[in-house]
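Student: Encoded as structure tokens, here's the structure I'll be asking about.
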Protein chains: 2
Amino acid sequence: VILIVTPNPAVDVTYRVARQRVGTTQRVLDVARRPGGKGLNVGRVLDAVGIPSRAVLPLGAAAGRWIADGLDALGLAHVDIAVTGETRTTVTVVDDVEHPTMFGEPGPEVTTDEWIAVTDVIGQQLDGDVEFLVVSGSLPHRADPGVVADWVAAARMRGVPSLVDCPGGALLAAADAGATICKPNRDELLEATGADDERSGALQLLDRGAGTVVVSRGADGLAAHTRTGVTEVRAVPGVSGNPTGAGDAATAGLLAALLRGSADGPTSPTTPTPTPSTPRVDHAALRSAAAFGAAAVLRPVAGEVDVDAVRRFLADDDGARSGTRPSDPTWSHA
Amino acid sequence: VILIVTPNPAVDVTYRVARQRVGTTQRVLDVARRPGGKGLNVGRVLDAVGIPSRAVLPLGAAAGRWIADGLDALGLAHVDIAVTGETRTTVTVVDDVEHPTMFGEPGPEVTTDEWIAVTDVIGQQLDGDVEFLVVSGSLPHRADPGVVADWVAAARMRGVPSLVDCPGGALLAAADAGATICKPNRDELLEATGADDERSGALQLLDRGAGTVVVSRGADGLAAHTRTGVTEVRAVPGVSGNPTGAGDAATAGLLAALLRGSADGPTSPTTPTPTPSTPRVDHAALRSAAAFGAAAVLRPVAGEVDVDAVRRFLADDDGARSGTRPSDPTWSHA
């Protein structure tokens with residue numbers, strides 16, 4: 001199973017209004033409320049293609065109970081750690097004219113003892129049937145980024161590969177602890193490292209100890225950086241829609257490819273043969289990430305993909321390359 | 001006790017941001033969450049001046065539980081009727097520059113059976129120690145305004161006076177059922193009746209069966225309309241701040257004055273002597289409403305008043321009128 005830690009889950013609320021306007025009272029025409037947080041988006045996309053995952057979540061108060069109930073309703077496995085502070089809510093306001101406006105609460109202050117409880121739960125889970133550890137999303141207000149390093153180290157100690165998609169200090173801490181894959185988007189990479197360009201930022205993370213740095217570039221595709229070179233794929237062309245959650249779907253696509261093992265050739269002649277616990281992020285894996293990301297853009301809400309579109313994008317891609325139709329990818333039957 | 005029905009309670013959320021701007025992602029700097037809805041505001045203000053009330057609330061799902069817990073924490077008595085739909089949330093966004101932006105969810109769809117349960121509870125309560133029935137705030141999405149008429153009729157049948165501060169069809173239904181006091185603000189009155197001016201709108205409600213129509217006019221004070229005339233008071237001058245909830249505080253001030261019985265003279269020579277179950281809205285009652293409303297403007301959140309300010313405003317007013325200092329009003333010891 002893929003163990004997915006969401007350090008700062010959220011109740012994601014979307015309000016549709018007739019027309020956004022500051023300083024007015026706006027009747028909400030339609031309300032959508034769903035369990036949110038980047039890690040939960042990854043888990044929901046994996047679930048859509050039949051790959052089991054288990055969420056680890058610090059949850060607090062009424063909003064926390066709401067998320068637990070919501071995950072039960074979705075049939076997603078989760079292990080909750082009770083915290084005193086109230087789990088955050090994010091409110092996104094949309095209309096048919098303006099760009100969406102997003103209000104993000106900082107999240108609860110999680111105590112040191114509560115983080116220890118989270119780390120204990122992750123350790124217990126890693127002693128079980130975990131194939132990959134994923135840590136995704138921001139940390140709550142004033143949390144020590146070092147907790148992410150503890151989780152990565154716990155996985156590494158047990159030979160379990162890890163993927164970390166966190167901003168800021170948590171990304172640096174994950175690299176320091178030797179995360180198998182760091183997966184920021186380009187802006188997050190530059191912000192966390194203070195680098196002027198993507199390659200320099202990726203090299204900083206690699207120097208700190210990251211195995212591979214996968215950078216999602218939105219409409220500009222994805223890149224996998226190792227110390228020896230860069231593997232790049234373009235985004236699926238001609239796809240437009242809602243980019244929210246596309247990066248999380250790309251993470252799910254990457255994991256789906258890594259778990260089914262790729263028959264694709266090496267990304268560069270100098271890439272070393274990976275050990276079982278250090279999956280190689282090759283062209284095929286990046287293409288899978290791009291296909292999932294594009295298929296998420298076609299859906300109006302984060303945490304969902306158009307599964308048929310994933311198949312189509314991978315087939316088109318494969319057909320364009322080899323002239324043959326691929327067999328159904330393994331993830332669709334896992 | 002004052003029985004206060006809030007047909008569509010809400011979790012009132014206030015987000016402070018650096019600067020409101022449509023189409024951006026905004027970090028919420030500060031979150032306040034409180035049990036809301038106009039009736040609950042009235043109850044909290046009454047509680048602040050020592051007047052007991054009991055809230056009747058249809059509450060649903062996680063947001064409903066949150067409100068029940070919140071009222072327990074505030075020490076406010078409440079009788080809850082469980083409904084299936086989720087109780088609504090309202091989000092108000094504030095900064096130091098722009099006017100606040102308010103997003104109001106429509107609220108749950110309450111079923112006919114659930115409304116019958118609410119009406120049953122109100123009837124049981126009215127058979128007890130209720131001195132006044134208050135119905136305050138909007139009805140949820142697609143609710144039949146006739147439920148308010150049922151509640152007013154239930155009170156009237158038992159000789160309990162009623163005050164209704166609801167918009168739209170519910171206000172008309174309350175008047176039809178013979179509400180003792182209809183208390184809209186001026187905009188609500190004109191919108192509900194379709195009248196061009198306040199007096200015409202008030203006369204419509206009086207013709208339908210309302211005993212008195214009290215209209216709050218914001219900075220222009222308050223007016224009590226009967227068929228025979230109008231009693232008016234000015235707003236307390238020189239008060240600025242947050243007008244949200246000022247109308248609810250005015251309702252509380254009106255009730256406080258009516259319950260302690262006023263020694264003030266009649267509002268107009270033709271006003272008939274009220275029976276015990278039809279309290280007279282005289283100058284003193286309106287002045288109390290104005291003082292409470294102004295004292296609410298001084299507080300940053302709805303449902304609170306500056307109690308010292310209420311005393312000061314009433315004293316100033318009384319002093320200005322009679323040249324003497326008043327004794328402490330009864331409500332401060334009730």
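By convention here, the chains of the structure tokens are called A, B, ... in the order presented, each chain's residues are numbered starting at 1, and ligands are numbered starting at 1 in the order presented.
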From the DSSP assignment of the backbone, select every residue of region 28-73 of chain A that is helix (DSSP H, G or I), and format the answer as an MDAnalysis selection string.

Tutor: chainID A and resid 38:48 61:73

Student: Dump as a Markdown table the rows for residues of chain B within 10 Å of chain A: closest atom pair and distance in Å with one decimal, only C-alpha atoms counted, ordered by chain and rising residue number.

Tutor:
| residue | atom | partner | partner_atom | distance |
| --- | --- | --- | --- | --- |
| B:Tyr15 | CA | A:Phe103 | CA | 8.1 |
| B:Arg16 | CA | A:Phe103 | CA | 9.7 |
| B:Val17 | CA | A:Phe103 | CA | 8.5 |
| B:Gln20 | CA | A:Val22 | CA | 6.8 |
| B:Arg21 | CA | A:Val22 | CA | 7.0 |
| B:Val22 | CA | A:Thr101 | CA | 5.5 |
| B:Gly23 | CA | A:His99 | CA | 4.3 |
| B:Thr24 | CA | A:Thr101 | CA | 4.9 |
| B:Thr25 | CA | A:Met102 | CA | 4.5 |
| B:Gln26 | CA | A:Phe103 | CA | 5.0 |
| B:Arg27 | CA | A:Gly104 | CA | 5.2 |
| B:Val28 | CA | A:Glu105 | CA | 5.0 |
| B:Leu29 | CA | A:Pro106 | CA | 7.4 |
| B:Asp30 | CA | A:Glu105 | CA | 7.8 |
| B:Val31 | CA | A:Glu105 | CA | 7.2 |
| B:Ala61 | CA | A:Trp66 | CA | 8.7 |
| B:Ala62 | CA | A:Ala62 | CA | 6.1 |
| B:Ala63 | CA | A:Ala62 | CA | 7.4 |
| B:Gly64 | CA | A:Ala62 | CA | 9.6 |
| B:Arg65 | CA | A:Ala62 | CA | 7.6 |
| B:Trp66 | CA | A:Ala62 | CA | 6.2 |
| B:Ile67 | CA | A:Ala62 | CA | 10.0 |
| B:Asp69 | CA | A:Ala62 | CA | 9.6 |
| B:Arg88 | CA | A:Val31 | CA | 9.7 |
| B:Thr90 | CA | A:Val28 | CA | 9.3 |
| B:Val91 | CA | A:Val91 | CA | 8.8 |
| B:Thr92 | CA | A:Thr25 | CA | 8.7 |
| B:Val93 | CA | A:Gly23 | CA | 8.6 |
| B:Val94 | CA | A:Gly23 | CA | 8.6 |
| B:Val97 | CA | A:Gly23 | CA | 9.9 |
| B:Glu98 | CA | A:Gly23 | CA | 6.2 |
| B:His99 | CA | A:Gly23 | CA | 4.3 |
| B:Pro100 | CA | A:Gly23 | CA | 4.8 |
| B:Thr101 | CA | A:Gly23 | CA | 4.3 |
| B:Met102 | CA | A:Thr25 | CA | 4.5 |
| B:Phe103 | CA | A:Gln26 | CA | 5.0 |
| B:Gly104 | CA | A:Arg27 | CA | 5.2 |
| B:Glu105 | CA | A:Val28 | CA | 5.0 |
| B:Pro106 | CA | A:Val28 | CA | 6.5 |
| B:Gly107 | CA | A:Val31 | CA | 9.7 |

Student: So, counting only C-alpha atoms, which residue among A:Val214, A:Leu40, A:Ala235, A:Leu126 is closest to Val281 (chain A)?

Tutor: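 For Val281 (chain A), the nearest of the given residues is A:Val214.
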
Student: Neighbours of Pro184 (chain A) within 8 Å (only C-alpha atoms; same-chain residues fewer than 6 positions away dropped), as a VMD selection string?

Tutor: chain A and resid 164 to 167 171 213 to 216

Student: Keeping only all heavy atoms, write those residues as a PDB file, in the first residue's frame.

Tutor:
ATOM      1  N   VAL A 164       8.325  13.378  -1.493  1.00  0.00           N
ATOM      2  CA  VAL A 164       7.887  14.513  -0.682  1.00  0.00           C
ATOM      3  C   VAL A 164       7.524  15.684  -1.590  1.00  0.00           C
ATOM      4  O   VAL A 164       8.336  16.106  -2.416  1.00  0.00           O
ATOM      5  CB  VAL A 164       8.968  14.938   0.339  1.00  0.00           C
ATOM      6  CG1 VAL A 164       8.528  16.174   1.113  1.00  0.00           C
ATOM      7  CG2 VAL A 164       9.266  13.775   1.299  1.00  0.00           C
ATOM      8  N   ASP A 165       6.303  16.164  -1.453  1.00  0.00           N
ATOM      9  CA  ASP A 165       5.827  17.342  -2.191  1.00  0.00           C
ATOM     10  C   ASP A 165       5.333  18.356  -1.168  1.00  0.00           C
ATOM     11  O   ASP A 165       4.138  18.505  -0.946  1.00  0.00           O
ATOM     12  CB  ASP A 165       4.704  16.924  -3.148  1.00  0.00           C
ATOM     13  CG  ASP A 165       4.160  18.112  -3.953  1.00  0.00           C
ATOM     14  OD1 ASP A 165       4.724  19.219  -3.846  1.00  0.00           O
ATOM     15  OD2 ASP A 165       3.174  17.916  -4.678  1.00  0.00           O
ATOM     16  N   CYS A 166       6.298  18.995  -0.492  1.00  0.00           N
ATOM     17  CA  CYS A 166       5.976  20.007   0.515  1.00  0.00           C
ATOM     18  C   CYS A 166       6.702  21.287   0.136  1.00  0.00           C
ATOM     19  O   CYS A 166       7.759  21.233  -0.479  1.00  0.00           O
ATOM     20  CB  CYS A 166       6.468  19.583   1.900  1.00  0.00           C
ATOM     21  SG  CYS A 166       5.757  18.056   2.531  1.00  0.00           S
ATOM     22  N   PRO A 167       6.164  22.452   0.501  1.00  0.00           N
ATOM     23  CA  PRO A 167       6.869  23.693   0.199  1.00  0.00           C
ATOM     24  C   PRO A 167       7.891  24.045   1.290  1.00  0.00           C
ATOM     25  O   PRO A 167       7.888  23.452   2.364  1.00  0.00           O
ATOM     26  CB  PRO A 167       5.739  24.718   0.173  1.00  0.00           C
ATOM     27  CG  PRO A 167       4.722  24.177   1.141  1.00  0.00           C
ATOM     28  CD  PRO A 167       4.845  22.682   1.095  1.00  0.00           C
ATOM     29  N   LEU A 171      10.587  20.958   2.421  1.00  0.00           N
ATOM     30  CA  LEU A 171      11.206  20.371   1.227  1.00  0.00           C
ATOM     31  C   LEU A 171      12.709  20.210   1.449  1.00  0.00           C
ATOM     32  O   LEU A 171      13.289  19.163   1.125  1.00  0.00           O
ATOM     33  CB  LEU A 171      10.937  21.269   0.008  1.00  0.00           C
ATOM     34  CG  LEU A 171      11.393  20.730  -1.345  1.00  0.00           C
ATOM     35  CD1 LEU A 171      10.547  19.522  -1.753  1.00  0.00           C
ATOM     36  CD2 LEU A 171      11.318  21.815  -2.418  1.00  0.00           C
ATOM     37  N   VAL A 213      14.909  14.831  -8.202  1.00  0.00           N
ATOM     38  CA  VAL A 213      14.020  15.973  -8.017  1.00  0.00           C
ATOM     39  C   VAL A 213      13.120  16.054  -9.250  1.00  0.00           C
ATOM     40  O   VAL A 213      13.610  16.273 -10.364  1.00  0.00           O
ATOM     41  CB  VAL A 213      14.807  17.289  -7.830  1.00  0.00           C
ATOM     42  CG1 VAL A 213      13.848  18.466  -7.693  1.00  0.00           C
ATOM     43  CG2 VAL A 213      15.705  17.187  -6.597  1.00  0.00           C
ATOM     44  N   VAL A 214      11.825  15.808  -9.038  1.00  0.00           N
ATOM     45  CA  VAL A 214      10.862  15.903 -10.131  1.00  0.00           C
ATOM     46  C   VAL A 214      10.159  17.254 -10.004  1.00  0.00           C
ATOM     47  O   VAL A 214       9.587  17.561  -8.961  1.00  0.00           O
ATOM     48  CB  VAL A 214       9.834  14.760 -10.084  1.00  0.00           C
ATOM     49  CG1 VAL A 214       8.769  14.946 -11.170  1.00  0.00           C
ATOM     50  CG2 VAL A 214      10.532  13.415 -10.249  1.00  0.00           C
ATOM     51  N   VAL A 215      10.242  18.040 -11.062  1.00  0.00           N
ATOM     52  CA  VAL A 215       9.671  19.387 -11.030  1.00  0.00           C
ATOM     53  C   VAL A 215       8.491  19.441 -11.985  1.00  0.00           C
ATOM     54  O   VAL A 215       8.631  19.122 -13.172  1.00  0.00           O
ATOM     55  CB  VAL A 215      10.724  20.441 -11.438  1.00  0.00           C
ATOM     56  CG1 VAL A 215      10.133  21.844 -11.368  1.00  0.00           C
ATOM     57  CG2 VAL A 215      11.954  20.328 -10.540  1.00  0.00           C
ATOM     58  N   SER A 216       7.323  19.816 -11.462  1.00  0.00           N
ATOM     59  CA  SER A 216       6.174  20.000 -12.356  1.00  0.00           C
ATOM     60  C   SER A 216       6.146  21.464 -12.773  1.00  0.00           C
ATOM     61  O   SER A 216       6.338  22.371 -11.978  1.00  0.00           O
ATOM     62  CB  SER A 216       4.866  19.562 -11.677  1.00  0.00           C
ATOM     63  OG  SER A 216       4.756  20.074 -10.381  1.00  0.00           O
TER      64      SER A 216
END

Student: For region 302-313 of chain A, list every protein, DNA or RNA residue within 10 Å, evaluated using only C-alpha atoms, and leave out those in the same chain fewer than 5 positions away; present the list as a ChimeraX atom specification.

Tutor: /A:12,34-49,236-237,242-249,252-253,287-297,318-319,326-329,332

Student: Quick one: distance from CA of Leu139 (chain B) to CA of Val5 (chain B) in Å, one decimal?

Tutor: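 If I compute the distance from CA of Leu139 (chain B) to CA of Val5 (chain B), I get 10.7 Å.
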
Student: Give me the residues within 8 Å of Pro108 (chain B) as a PyMOL selection string, counting only C-alpha atoms and dropping any in the same chain fewer than 2 places off.

Tutor: chain B and resi 60+85-88+106+110+140-141

Student: Could you check how far CA of Ala192 (chain A) sits from CA of Ala219 (chain A), in Å to one decimal?

Tutor: 21.2 Å

Student: Find the residues around Gly178 (chain B) up to 8 Å (only C-alpha atoms counted), leave out those fewer than 3 positions away in its own chain, and share them as a list of chain:residue names.

Tutor: B:Val152, B:Ala153, B:Arg156, B:Ala174, B:Ala175, B:Arg208, B:Gly209, B:Ala210, B:Gly211

Student: Interatomic distance between CA of Arg280 (chain B) and CA of Ala77 (chain B)?

Tutor: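 Going from CA of Arg280 (chain B) over to CA of Ala77 (chain B), I get 27.6 Å.
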
Student: Skipping near chain neighbours, those fewer than 2 positions away, what residues fall within 12 Å of Asp150 (chain B) using only C-alpha atoms, listed as an MDAnalysis selection string?

Tutor: chainID B and resid 115:116 118:120 122:123 135 144:148 152:157 162 170 173:179

Student: Can you list, as a PyMOL selection string, every residue of region 16-229 of chain B that DSSP puts in strand (DSSP E or B)?

Tutor: chain B and resi 16+25-27+30-36+53-60+77-83+88-94+101-104+132-136+162-165+181-182+185+212-216+222-226+229
